[in-house]
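All remarks here apply to the structure that follows.
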Amino acid sequence: MKIREAVLTPVAFADAPLLNAMGVHEPFALRSVLQLVCEDGVVGLGESYGDSGFLDQARKVVPLLAGHDVFDLPGLRRKVAEALGGAVFVDEHGLTGGFSSGKTIASVYSLFEVAMLDAQGHALGRPVADLLGGKARDEVEFSAYLFYKFGGHLGAEHDAWGEVTTPEALVGEAKRMIDEYGFTAIKLKAGVFEPAQEVEGIRALADAFPGHPLRIDPNGAWRVETAKKVARDLDGVLEYLEDPTPGIEGMAEVAKHASMPLATNMCVIRFDDVEPAFRQRAVGIVLSDHHFWGGLRDTQALSVLCRTFDVGLSMHSNSHLGISLAAMVHVAAATPHLSYACDTHWPWKTEDVVVPGALVFRDGKVAVPQGPGLGVELDPDALARLHEQYVRCGQTKRDDVTYMRRFTGTFDPNTARW
Ligand SMILES: O=C([O-])C(=O)C[C@H](O)[C@@H](O)C(=O)[O-]
Ligand SMILES: [Mg+2]
């Protein structure tokens, strides 16, 4: 089955002013939506980053796909590598670790790989999970992803979540999210306030939600000594400690002193990082993300490596829409070695490009969609609306730092400040 044309559409969807070590989320999150239109009318869907730097690279591949066989994934990999050469996509926030030509190729390849797998599934009448080896589980568990946040965007009214800067407000945010989605595990995005204040936030969550596994992720905002202290303070409280400090060496030093495992989506972000990180026992859990790990099949390859070295696997998430969630659910379902509830930004999203109904959270879990391919259907009107929003909003890249400076005057991104 041959591809007739590839259509790549940048979109913007409303996002909340969520705080992290790099600043604050802007009014819109940007994504790209890919439609691979095949000769017999099948359309394969993909979704990835919407930053202009990423779009520039992905657009190099778009014209090369006419006539490409949707079952030829090695050929896709060659085309992407040749088209990109040594180009490097640098995202402004750096919240998923460093940049390299390899990571850029893996990211662009992933967008097209997912759409090709979706098209293959439609052609065969089978879900993508079946193409990935079959379901190891029928449902995939996710965690409640808590953020400190401003009450509203600059010049706007407070949103429905309101301001969240205190332990009480954090517990309220968690309660609302858990009531609505049924999550068990809870993750706090940290690196925003002094570590002691964030430790207090975790303690409040532990008291309010006994038995719920807890994680905290300051995106490398703490120095090694600070990270060791937080690990001591939260001994017996955390399920895992995520990216407390930057780099494999720093993480390895913290890991030696921490009672809980360390997780990462910042220091093990490509296959080259696996050997040094595992040898130094820097991490106990890798948070995979098919968007930059080279697609769904490479995510499974990563899982086998993790299993071999007795390292856990779960999943990282950025702000995303339904096509990405569907891809995450299929690969998570088809990956036997997946040890923890995955991250998702889903509860923060108010708009989508897919027809509602295929992806439903029940008890914090999403069942693998039943239909062929990814099992989600694109809503053309919604796509047009979110594209129009992209054009109108004027954002062309995610830039949490500059937006934070508009709130606070001065602001330094928090790279191991504390
Ligand atoms: O686990 C993580 O490091 C993330 O989810 C990174 C994200 O970019 C998150 O920090 C965000 O959206 O602000
Ligand atoms: Mg993280």
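Quick note on naming: the chains in the structure tokens go A, B, ... in the order shown, residues restart at 1 in each chain, and ligands are numbered from 1 in order of appearance.
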Env of His158 in chain A: 10 Å cut, atoms = only C-alpha atoms, seq-sep filter 6 positions within chain, self excluded. Answer as a ChimeraX atom specification.
/A:16-17,150-152
Serialized selection, C-alpha atoms, as a tab-separated table (two decimals), in the first residue's frame:
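part_9.tsv was written with the following content:
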chain	number	residue	atom	x	y	z
A	16	ALA	CA	-3.23	26.35	31.56
A	17	PRO	CA	-0.47	28.50	33.16
A	150	PHE	CA	-0.89	30.63	38.33
A	151	GLY	CA	-4.62	31.33	38.63
A	152	GLY	CA	-4.90	32.54	35.06
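Neighbouring residues of ligand 1 at a cut-off of 7 Å, counting only C-alpha atoms and all ligand atoms, are A:Leu18, A:Leu19, A:Asn20, A:His25, A:Leu95, A:Thr96, A:Lys189, A:Asp217, A:Asn219, A:Asn265, A:Met266, A:His316, A:Ser317, A:Asn318, A:Ser319.
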Surrounding residues of range 173-178 of chain A excluding itself and chain neighbours under 2 positions, 8 Å, only C-alpha atoms, as a list in words:
Ala144, Leu146, Trp161, Val164, Ala169, Leu170, Val171, Glu180, Tyr181, Gly182, Phe183, Thr184, Ile186, Leu205, Pro347 and Gly364 of chain A
Per-residue nearest contacts of chain A to ligand 2 (12 Å; only C-alpha atoms and all ligand atoms) as a Markdown table:
| residue | atom | partner | partner_atom_place_in_ligand_line | distance |
| --- | --- | --- | --- | --- |
| A:Asn20 | CA | ligand 2 | 1 (Mg) | 10.3 |
| A:Ala21 | CA | ligand 2 | 1 (Mg) | 10.8 |
| A:Gly94 | CA | ligand 2 | 1 (Mg) | 10.9 |
| A:Leu95 | CA | ligand 2 | 1 (Mg) | 7.3 |
| A:Thr96 | CA | ligand 2 | 1 (Mg) | 7.3 |
| A:Gly97 | CA | ligand 2 | 1 (Mg) | 9.5 |
| A:Tyr145 | CA | ligand 2 | 1 (Mg) | 10.6 |
| A:Lys187 | CA | ligand 2 | 1 (Mg) | 9.5 |
| A:Leu188 | CA | ligand 2 | 1 (Mg) | 9.7 |
| A:Lys189 | CA | ligand 2 | 1 (Mg) | 7.8 |
| A:Ala190 | CA | ligand 2 | 1 (Mg) | 9.5 |
| A:Gly191 | CA | ligand 2 | 1 (Mg) | 10.7 |
| A:Arg215 | CA | ligand 2 | 1 (Mg) | 9.9 |
| A:Ile216 | CA | ligand 2 | 1 (Mg) | 8.6 |
| A:Asp217 | CA | ligand 2 | 1 (Mg) | 5.5 |
| A:Pro218 | CA | ligand 2 | 1 (Mg) | 7.4 |
| A:Asn219 | CA | ligand 2 | 1 (Mg) | 5.7 |
| A:Gly220 | CA | ligand 2 | 1 (Mg) | 8.7 |
| A:Ala221 | CA | ligand 2 | 1 (Mg) | 11.2 |
| A:Tyr240 | CA | ligand 2 | 1 (Mg) | 11.3 |
| A:Leu241 | CA | ligand 2 | 1 (Mg) | 9.6 |
| A:Glu242 | CA | ligand 2 | 1 (Mg) | 6.0 |
| A:Asp243 | CA | ligand 2 | 1 (Mg) | 6.2 |
| A:Pro244 | CA | ligand 2 | 1 (Mg) | 9.2 |
| A:Thr245 | CA | ligand 2 | 1 (Mg) | 11.0 |
| A:Pro246 | CA | ligand 2 | 1 (Mg) | 11.3 |
| A:Leu262 | CA | ligand 2 | 1 (Mg) | 10.8 |
| A:Ala263 | CA | ligand 2 | 1 (Mg) | 7.9 |
| A:Thr264 | CA | ligand 2 | 1 (Mg) | 6.1 |
| A:Asn265 | CA | ligand 2 | 1 (Mg) | 5.1 |
| A:Met266 | CA | ligand 2 | 1 (Mg) | 6.8 |
| A:Cys267 | CA | ligand 2 | 1 (Mg) | 10.0 |
| A:Val268 | CA | ligand 2 | 1 (Mg) | 11.1 |
| A:Ile269 | CA | ligand 2 | 1 (Mg) | 11.1 |
| A:Ile285 | CA | ligand 2 | 1 (Mg) | 11.2 |
| A:Val286 | CA | ligand 2 | 1 (Mg) | 9.9 |
| A:Leu287 | CA | ligand 2 | 1 (Mg) | 7.6 |
| A:Ser288 | CA | ligand 2 | 1 (Mg) | 10.1 |
| A:Asp289 | CA | ligand 2 | 1 (Mg) | 10.6 |
| A:Ser314 | CA | ligand 2 | 1 (Mg) | 10.9 |
| A:Met315 | CA | ligand 2 | 1 (Mg) | 9.3 |
| A:His316 | CA | ligand 2 | 1 (Mg) | 6.4 |
| A:Ser317 | CA | ligand 2 | 1 (Mg) | 8.1 |
| A:Asn318 | CA | ligand 2 | 1 (Mg) | 9.3 |
| A:Cys342 | CA | ligand 2 | 1 (Mg) | 11.2 |
| A:Asp343 | CA | ligand 2 | 1 (Mg) | 8.9 |
| A:Thr344 | CA | ligand 2 | 1 (Mg) | 11.1 |
| A:His345 | CA | ligand 2 | 1 (Mg) | 11.9 |
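Remark: for Phe209 in chain A, the closest of the candidate residues A:Arg297, A:Gly98, A:Glu377, A:Asp179 is A:Asp179 (distances computed over only C-alpha atoms).
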